[in-house]
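Novice: Sharing a structure, written as structure tokens. Questions coming.
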Amino acid sequence: MTEAAAPTPNPLRAYAAVTAAYWAFMLSDGALRMLVLLHFNTLGFTPIQLAWLFLLYEVAGIVTNLAAGWLAARFGLAATLYGGLALQIGALVALAQLDPGWGVAASVAFVMAVQGVSGVAKDLAKMSSKSAVKLLAPKEDGGLFRWVAALTGSKNAVKGLGFFLGAALLAVAGFEAAVWGMAGVLAAILVAVVLFLPAGLPGRMKAEEAWSGWRSKDPRVNRLSLARMFLFGARDVWFVVGIPVYFQAVLSDGTAEGRREAFFLIGSFLALWIIAYGAVQAVAPKLLGARTQPEEAMTAKAIFWAGLLVPIPFALAAAALLADGPSPMLTATLIGGLLVFGFVFAINSSVHSYLILAFGSADRITRDVGFYYMANAAGRLIGTLLSGISFQLGGLPLCLATAGVMALASWLAARRLRGV
């Protein structure tokens, strides 16, 4: 027994509505991450304590991506998209209730819980948006790669703006006012999306479909997911705690004015990194000449670009070790090296985003995408935890060397795609 047929939406209008909702969400997600990181670093939290603030966010992503694929297939992509936006609003409202008088343990536990809700929200929105592209994109002339690259690239550019927005709001308005303001804006956007998203957004499956089959039967999906896990671990090992804490130590003189200036500079760099990363993702089809290339050729490109990423964090780790402490030369080297890392990482991520949709079958795309992004969340979880631990135990050199090990593991996993 199947569900009654829903009206078919105009593909471009549906794609535009989904993209706009995803943009709004990722703007708030990037801003919230910077607000939490910089605010609690200012309060004196250690690198490991800062990492703990984001752990439940990533754990929630692992669980959510498995469940979200089934929920979207069961109730439709529009329902999970709305649910993601609504949960993010709830997380922001809850975070505004944080009491500065609470102890460290209570503050960490509370923020972890709120971040966990935000993690659920993010992965509901992400899975909904990416799955919709698979079902809406034109099949001819590389349409799938172009549409997913445009969505992913623009999303990351918007998230980069969110990093800057979060740092700027913290410096200008303060933590509580910034959180309330974002909640209000996101609520208005949710209302607009509900009103303007066209009816008939696809994604529902047969009514009798069960929870079983969460893991893909296609070994390509499973091996690509493993490569994705290590790829995002390699980024988050330095991105979540290590580099922001290093930059704040270098840029701030400890005064209130110095901290505000550091907030703007750190937020600007991370925003620039994310925006540039998103721009490279958006133009990846042109850079790779991949509009009409077969899956086999794209698989070879995934392996090649994964290998190019490996030496970059190891070279930066060596530079940090030889510098024997913060210096202008080391800071300039890190900025340049991490921008190169971002370029190669963006190509890897874009090829992965195409391959998961190319490998996934239309009749179970939400669950294949959900499983893939579960692996993505697992990589961020591992990277987040190792970011705090490695930085506290061995400083920036160990943090960057750990990122290199994760990049090497991603390349080894990607090579297994060749034997499928």
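Residue numbering restarts at 1 in every chain; chains get A, B, ... in the order shown in the structure tokens, and ligands count up from 1 in that same order.
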Write out as a list of chain:residue names each polymer residue whose atoms come within 12 Å of A:Ala332, counting only C-alpha atoms; drop sequence neighbours fewer than 6 positions from it.

Specialist: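 Once the adjacent positions are removed, what remains is A:Phe247, A:Val250, A:Phe269, A:Leu316, A:Ala319, A:Ala320, A:Ala323, A:Pro326, A:Leu338, A:Leu339.
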
Novice: Quick one: DSSP helix (DSSP H, G or I) residues in stretch 49-276 of chain A, as a PyMOL selection string?

Specialist: chain A and resi 49-75+77-95+104-136+143-172+175-196+219-251+256-276

Novice: Expressed in Å to a single decimal, how great is the separation between atom CA of A:Arg228 and atom CA of A:Ile335?

Specialist: 24.1 Å

Novice: From the options A:Ala51, A:Ile89, A:Val340, A:Leu66, which residue's atoms come nearest to A:Phe371, counting only C-alpha atoms?

Specialist: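 Among the listed residues, the smallest separation from A:Phe371 belongs to A:Leu66.
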
Novice: So how far away is atom CA of A:Ala403 from atom CA of A:Leu381, in Å?

Specialist: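 Straight-line distance from atom CA of A:Leu381 to atom CA of A:Ala403 works out to 13.3 Å.
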
Novice: Nearest to A:Thr46 among A:Gly83, A:Gly388, A:Gly383, A:Pro100, with distances taken over only C-alpha atoms: which residue is it?

Specialist: A:Gly388

Novice: Show which residues sit within 8 Å of A:Trp180, as a PyMOL selection string. Count only C-alpha atoms, and ignore same-chain residues fewer than 5 positions away.

Specialist: chain A and resi 92-93+96

Novice: Would you mind listing what lies within 12 Å of A:Gly242 as a VMD selection string, with only C-alpha atoms counted and same-chain residues fewer than 2 positions away left out?

Specialist: chain A and resid 37 41 46 to 48 50 to 51 235 to 240 244 to 249 317 334 383 to 403

Novice: Would you mind exporting C-alpha atoms of the selected residues as an mmCIF file, in the first residue's frame?

Specialist:
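Once written, result.cif looks like this:
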```cif
data_model
loop_
_atom_site.group_PDB
_atom_site.id
_atom_site.type_symbol
_atom_site.label_atom_id
_atom_site.label_comp_id
_atom_site.auth_asym_id
_atom_site.auth_seq_id
_atom_site.Cartn_x
_atom_site.Cartn_y
_atom_site.Cartn_z
ATOM 1 C CA LEU A 37 33.567 29.068 21.812
ATOM 2 C CA ASN A 41 37.190 30.758 26.330
ATOM 3 C CA THR A 46 40.443 24.929 29.221
ATOM 4 C CA PRO A 47 40.775 23.473 25.703
ATOM 5 C CA ILE A 48 39.343 20.138 26.860
ATOM 6 C CA LEU A 50 35.758 23.838 25.356
ATOM 7 C CA ALA A 51 35.791 20.606 23.367
ATOM 8 C CA ARG A 235 39.464 19.458 9.726
ATOM 9 C CA ASP A 236 37.877 19.657 13.150
ATOM 10 C CA VAL A 237 41.033 18.547 14.988
ATOM 11 C CA TRP A 238 42.467 22.012 14.368
ATOM 12 C CA PHE A 239 39.313 23.989 13.572
ATOM 13 C CA VAL A 240 37.201 23.530 16.713
ATOM 14 C CA PRO A 244 40.909 29.629 17.669
ATOM 15 C CA VAL A 245 42.581 29.257 21.084
ATOM 16 C CA TYR A 246 46.046 29.790 19.588
ATOM 17 C CA PHE A 247 44.896 32.921 17.759
ATOM 18 C CA GLN A 248 43.164 34.332 20.826
ATOM 19 C CA ALA A 249 46.359 33.873 22.858
ATOM 20 C CA ALA A 317 52.825 20.730 12.478
ATOM 21 C CA LEU A 334 49.476 28.955 9.643
ATOM 22 C CA GLY A 383 37.930 15.640 15.609
ATOM 23 C CA THR A 384 36.302 17.794 18.302
ATOM 24 C CA LEU A 385 37.450 15.507 21.115
ATOM 25 C CA LEU A 386 40.962 15.167 19.716
ATOM 26 C CA SER A 387 41.147 18.937 19.169
ATOM 27 C CA GLY A 388 40.881 19.657 22.874
ATOM 28 C CA ILE A 389 42.964 16.682 24.025
ATOM 29 C CA SER A 390 45.806 17.094 21.518
ATOM 30 C CA PHE A 391 46.065 20.854 22.056
ATOM 31 C CA GLN A 392 46.139 20.510 25.830
ATOM 32 C CA LEU A 393 48.676 17.653 25.780
ATOM 33 C CA GLY A 394 51.001 18.779 23.006
ATOM 34 C CA GLY A 395 49.974 22.261 21.937
ATOM 35 C CA LEU A 396 49.565 23.296 18.324
ATOM 36 C CA PRO A 397 52.188 20.871 16.872
ATOM 37 C CA LEU A 398 50.396 17.771 18.209
ATOM 38 C CA CYS A 399 47.013 19.216 17.222
ATOM 39 C CA LEU A 400 48.108 19.664 13.587
ATOM 40 C CA ALA A 401 49.959 16.330 13.460
ATOM 41 C CA THR A 402 46.780 14.606 14.622
ATOM 42 C CA ALA A 403 44.929 16.295 11.746
#
```

Novice: List the neighbours of A:Val179 out to 12 Å using only C-alpha atoms; skip same-chain residues closer than 5 positions along the sequence, and give me the result as a ChimeraX atom specification.

Specialist: /A:28-29,31-36,39,88-98,165-167,169-170,173-174,184-186

Novice: Which residues, written as a PyMOL selection string, have at least one atom at most 12 Å from A:His352, with only C-alpha atoms counted and residues fewer than 5 positions away on the same chain left out?

Specialist: chain A and resi 145+148-149+152+220-221+223-229+231-232+281+284+295+298-303+305-306+345-347+357-360+369+372-373+376+410+414+417

Novice: Could you tell me which of A:Val104, A:Ala121, A:Leu408, A:Ala234 comes closest to A:Ala378 if we count only C-alpha atoms?

Specialist: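 For A:Ala378, the nearest of the candidates is A:Ala234.
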
Novice: Distance atom CA of A:Gly101-atom CA of A:Phe45, one decimal place?

Specialist: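 Separating atom CA of A:Gly101 from atom CA of A:Phe45 is a distance of 14.8 Å.
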
Novice: Do you know which residues are at most 8 Å from stretch 57-65 of chain A counting only C-alpha atoms, after dropping those on the same chain fewer than 6 positions away, and could you put them as a list in words?

Specialist: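 Result of the neighbour search: Met112, Gln115, Gly116, Val117, Ser118, Gly119, Val120, Lys122, Asp123, Leu124, Met127, Gly370, Phe371, Tyr373, Met374, Ala375, Asn376, Ala377, Ala378, Arg380 and Leu381 of chain A.
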